[in-house]
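Here is the structure we will look at.
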Number of protein chains: 2
Amino acid sequence: MTCQEETEMNKVRLGIIGIGNMGTGHAENILSGLCPDIALTAAADRRASRRAWAKEHIPDAAVFTEGEELIASGQCDAVLIAVPHYQHPGLAISAFRHGLHAMVEKPAGVYTLQVREMIAEADRHPELTFGMMFNQRTNCIYRKLKEMIDSGELGQLKRMSWLITDWYRTQFYYDSGAWRATWAGEGGGVLLNQCPHQLDLLQWLCGLPVRVQAHCHIGKWHDIEVEDDVTAYLEFENGATGVFVTTTGDAPGTNRLEITGTRGKAVCEHNELTFWRNTVDEREWCVACREGFRKPDFEKVEVETDGLNLQHPAVLNAFAAHILRGEPLVADGREGIRGLILSNAMHMSAWLGREVTIPFDEQLFHDLLMEKCKTSRHKEERDVTISTEGSY
Amino acid sequence: MTCQEETEMNKVRLGIIGIGNMGTGHAENILSGLCPDIALTAAADRRASRRAWAKEHIPDAAVFTEGEELIASGQCDAVLIAVPHYQHPGLAISAFRHGLHAMVEKPAGVYTLQVREMIAEADRHPELTFGMMFNQRTNCIYRKLKEMIDSGELGQLKRMSWLITDWYRTQFYYDSGAWRATWAGEGGGVLLNQCPHQLDLLQWLCGLPVRVQAHCHIGKWHDIEVEDDVTAYLEFENGATGVFVTTTGDAPGTNRLEITGTRGKAVCEHNELTFWRNTVDEREWCVACREGFRKPDFEKVEVETDGLNLQHPAVLNAFAAHILRGEPLVADGREGIRGLILSNAMHMSAWLGREVTIPFDEQLFHDLLMEKCKTSRHKEERDVTISTEGSY
């Protein structure tokens with residue numbers, strides 16, 4: 001089937017820029033038939049080995065070295081950008097200028113100034129679809145929790161705590177890519193590479209905090225120049241507080257999200273959502289109760305969800321359906337900046353050794369990051385693509 | 001039976017100073033036969049209503065207004081000090097000087113300088129027994145975890161997290177005592193009143209941290225002048241980190257302690273101890289493994305304990321057995337300062353808005369606390385004794 005025929009069949013002609021760990025996974029999903037609205041018509045990678053892989057496995061696709069060549073080729077209606085983070089905004093901006101829809105891998109970028117440029121360009125092309133690969137938003141647990149929060153079932157937010165320490169990585173992982181875990185190549189460590197999902201979900205569920213104090217430990221568990229261990233304290237506008245703890249050094253690690261509101265407590269752990277539902281709002285109970293130690297009565301509920309957790313293919317399918325039929329995205333690309341604001345604020349708090357308020361000085365963040373890039377270590381390219389199966 | 005006969009039967013003649021919430025509970029335990037080595041021979045309380053209670057319920061006991069009178073009366077071999085925290089060290093010092101053994105309710109005191117005086121006096125009387133009422137050390141879960149840590153089963157400490165937010169209290173509770181939840185009366189809030197157990201267990205299990213940064217919120221959930229919501233970040237000497245989150249405002253709240261070492265992860269929650277045991281030390285695995293995402297293999301174990309959780313009577317029985325037969329205490333009184341160091345450091349970090357290193361400037365802490373006491377609010381005495389059953 002030719003590209004022309006694909007278009008006639010009303011499929012989105014997609015080009016993947018970056019056939020590395022993530023891009024390969026996306027390509028395999030599409031090739032295996034999980035994305036019926038998408039035709040994979042192009043691929044780009046700077047590494048000859050990955051271009052060879054693309055030629056072998058995607059015989060119908062045009063293969064390019066540079067993302068810009070792919071964008072200019074006319075072979076695609078849309079691009080999926082899965083290259084190192086620094087390049088996300090530049091390629092997305094170029095895609096929009098060429099009239100292409102863009103799906104961007106997380107994080108949206110490395111610093112917010114560049115992401116704001118990307119959003120501004122997207123806003124100049126309201127006819128184009130701009131999506132972020134926040135595949136964890138498709139998880140039934142988080143979707144259900146979001147629904148409960150939005151409907152008021154938890155009451156007003158009081159506290160949140162996320163221990164997300166099951167992002168284990170070996171030293172081999174860090175040695176496998178020249179750009180990986182360097183300031184110049186990746187712009188950060190666990191906050192930029194592994195945690196964009198949780199930082200997005202955090203702001204999606206609880207909103208953005210207004211104050212952040214973070215303790216980021218550099219190369220604590222691995223020989224790297226960026227953080228692999230973070231503990232952050234958060235304060236939200238209504239006074240609610242939070243902690244966010246992450247690392248790539250703990251095994252087996254924990255993934256436990258607890259959100260407490262005035263009407264109860266929700267915990268996501270072990271792929272289950274449990275809710276302790278107060279029979280009365282705690283704020284009313286506190287002043288009305290004539291006993292000293294008594295809590296509001298509550299019931300513990302194992303919350304039922306729809307059980308669906310469709311991950312990356314679902315994000316791509318929604319992207320295509322948005323382009324073709326105006327159906328809703330999983331995550332609008334403009335929302336990508338919010339999790340990045342959180343990680344930038346955590347970095348800056350650690351660098352300055354003090355609390356950072358949001359919004360923060362985005363130019364200062366950029367300048368501090370560029371300083372770090374100047375002395376960023378050079379790593380040898382090893383041309384390794386690792387299967388990411390089960391790792392995100 | 002006369003006091004003389006009790007002594008001849010080789011019981012410890014105990015006087016309880018303070019027949020409030022805690023003192024009453026101790027008296028009832030002894031009166032109900034849970035402490036066979038102890039004869040309750042005296043009681044003191046400044047409130048007439050509590051002295052009347054003592055006369056009615058402890059007919060064999062001499063009843064006093066002042067603790068000092070009880071100490072000087074010759075009716076006791078030992079005292080149990082269960083009065084407002086500021087008075088703990090002074091009464092213990094007086095007891096030692098009168099040749100009496102002393103069991104002190106937690107916290108050991110309000111500031112470390114006064115506790116150091118108490119310890120110095122105890123050290124001048126090595127023949128006397130000095131115990132702290134750390135009843136949570138009798139809990140089989142924590143005893144077993146301590147044994148596992150000490151035996152090296154967890155490996156080197158990497159991270160700890162304690163969400164201890166199930167100390168719920170109503171406004172009625174805070175209104176029930178004139179000294180409660182004031183700087184001058186109690187010297188603090190949830191850190192001083194509810195958390196001494198957890199702060200002691202934290203240092204007992206993990207050692208004292210060397211750095212603390214805490215966010216203490218004053219009267220956030222209640223009309224009080226002290227903290228009722230705390231999030232603290234900890235760093236230990238070997239670089240391990242921790243978070244400690246507590247409040248009296250969450251319902252139903254959480255009590256979840258997680259300790260991660262290089263050989264696995266232990267979690268105490270819902271009165272269960274679960275251990276994820278790595279088959280190989282993570283630190284060795286990290287550098288040896290030739291895969292990027294693979295964790296060490298592990299097994300999940302529901303840890304068996306002896307099931308015993310004897311609480312306050314066990315602490316008192318060990319105290320009596322130490323006096324009578326030299327058997328081990330649950331907690332030596334000298335260890336009481338360690339949890340207090342932690343709470344003082346958290347308070348001072350919040351007051352100064354910066355990280356505090358341990359050891360800290362104890363005179364500065366004292367001076368800052370005394371400043372707060374100067375403007376401490378006056379509350380009307382309401383003469384209420386609340387049953388503490390199930391609350392500690």
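Residues are referred to by chain and number: the chain letter is A, B, ... according to the order shown in the structure tokens, the number counts from 1 in that chain, and ligands are numbered separately from 1 in the order shown.
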(message) Excluding region 266-278 of chain A and its own-chain neighbours fewer than 6 positions away, which residues fall within 8 Å of it when counting only C-alpha atoms? Please give them as a list of chain:residue names.
(response) A:Ile141, A:Leu145, A:Leu154, A:Asn255, A:Arg256, A:Leu257, A:Glu258, A:Ile259, A:Thr260, A:Pro296, A:Asp297, A:Phe298, A:Glu299, A:Lys300, A:Val301, A:Glu302, A:Val303, A:Glu304, B:Ala251, B:Pro252
So that each row is one residue of chain A with an atom at most 6 Å from chain B, can you give its shortest atom pair and the distance in Å to one decimal, using only C-alpha atoms, rows by chain and rising number, as a Markdown table?
```
| residue | atom | partner | partner_atom | distance |
| --- | --- | --- | --- | --- |
| A:Arg169 | CA | B:Phe293 | CA | 5.0 |
| A:Thr170 | CA | B:Cys286 | CA | 4.7 |
| A:Gln171 | CA | B:Val287 | CA | 5.4 |
| A:Phe172 | CA | B:Gly292 | CA | 5.4 |
| A:Tyr173 | CA | B:Gly292 | CA | 3.9 |
| A:Cys286 | CA | B:Thr170 | CA | 4.6 |
| A:Val287 | CA | B:Gln171 | CA | 5.4 |
| A:Arg290 | CA | B:Phe172 | CA | 5.8 |
| A:Gly292 | CA | B:Tyr173 | CA | 3.9 |
| A:Phe293 | CA | B:Arg169 | CA | 5.1 |
```
Go ahead and write the residues just picked, N, CA, C and O atoms, as a short mmCIF file (atom, residue, chain, number, x, y, z; two decimals), in the first residue's frame.
```
data_model
loop_
_atom_site.label_atom_id
_atom_site.label_comp_id
_atom_site.auth_asym_id
_atom_site.auth_seq_id
_atom_site.Cartn_x
_atom_site.Cartn_y
_atom_site.Cartn_z
N ARG A 169 17.56 1.42 38.35
CA ARG A 169 18.46 1.40 37.20
C ARG A 169 19.85 0.95 37.67
O ARG A 169 20.30 1.36 38.74
N THR A 170 20.50 0.15 36.84
CA THR A 170 21.86 -0.28 37.15
C THR A 170 22.88 0.73 36.59
O THR A 170 22.53 1.59 35.77
N GLN A 171 24.10 0.56 36.96
CA GLN A 171 25.15 1.40 36.38
C GLN A 171 25.24 1.16 34.87
O GLN A 171 25.48 2.09 34.10
N PHE A 172 24.99 -0.08 34.46
CA PHE A 172 25.01 -0.42 33.04
C PHE A 172 24.04 0.45 32.24
O PHE A 172 24.34 0.90 31.14
N TYR A 173 22.87 0.68 32.82
CA TYR A 173 21.87 1.55 32.17
C TYR A 173 22.47 2.92 31.91
O TYR A 173 22.36 3.46 30.81
N CYS A 286 -14.17 18.07 63.61
CA CYS A 286 -13.13 18.51 64.56
C CYS A 286 -13.69 19.49 65.58
O CYS A 286 -13.36 19.43 66.75
N VAL A 287 -14.52 20.41 65.13
CA VAL A 287 -15.02 21.45 66.04
C VAL A 287 -16.31 21.03 66.73
O VAL A 287 -16.68 21.59 67.76
N ARG A 290 -17.60 16.19 70.81
CA ARG A 290 -17.39 16.45 72.24
C ARG A 290 -16.54 15.36 72.88
O ARG A 290 -16.58 15.18 74.11
N GLY A 292 -12.40 13.70 72.87
CA GLY A 292 -11.07 14.19 72.53
C GLY A 292 -10.36 13.42 71.43
O GLY A 292 -9.64 14.00 70.61
N PHE A 293 -10.56 12.09 71.46
CA PHE A 293 -9.74 11.23 70.60
C PHE A 293 -10.51 10.62 69.44
O PHE A 293 -9.94 9.88 68.66
#
```
(request) Please report, as a ChimeraX atom specification, each residue of region 296-353 of chain A to which DSSP assigns alpha helix (DSSP H) when run on this structure's backbone. (result) /A:311-325,336-352
(request) Can you work out which one of A:Leu31, A:Ala122, A:Cys216, A:Leu205 has the shortest atom-to-atom distance to Glu147 (chain A), counting only C-alpha atoms? (result) A:Leu205
(message) So that I can check the surroundings of region 356-367 of chain B, please list as a VMD selection string every protein, DNA and RNA residue that reaches within 6 Å of it, counting only C-alpha atoms and ignoring chain neighbours fewer than 4 positions away.
(response) chain B and resid 210 to 212 349
(message) Quick check, in Å to one decimal: how far apart do CA of Asn139 (chain B) and CA of Ile164 (chain B) lie?
(response)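 If I compute the distance from CA of Asn139 (chain B) to CA of Ile164 (chain B), I get 15.8 Å.
The list of residues with at least one atom within 6 Å of Val79 (chain B), based on only C-alpha atoms and without residues fewer than 6 positions apart in the same chain, reads Leu14, Gly15, Ile16 and Ala102 of chain B.
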(request) Within 7 Å of Glu225 (chain B), counting only C-alpha atoms, which residues show up once you throw out same-chain ones fewer than 3 positions away? Write them as an NGL selection string, please. (result) :B and (181-182 or 218-219)
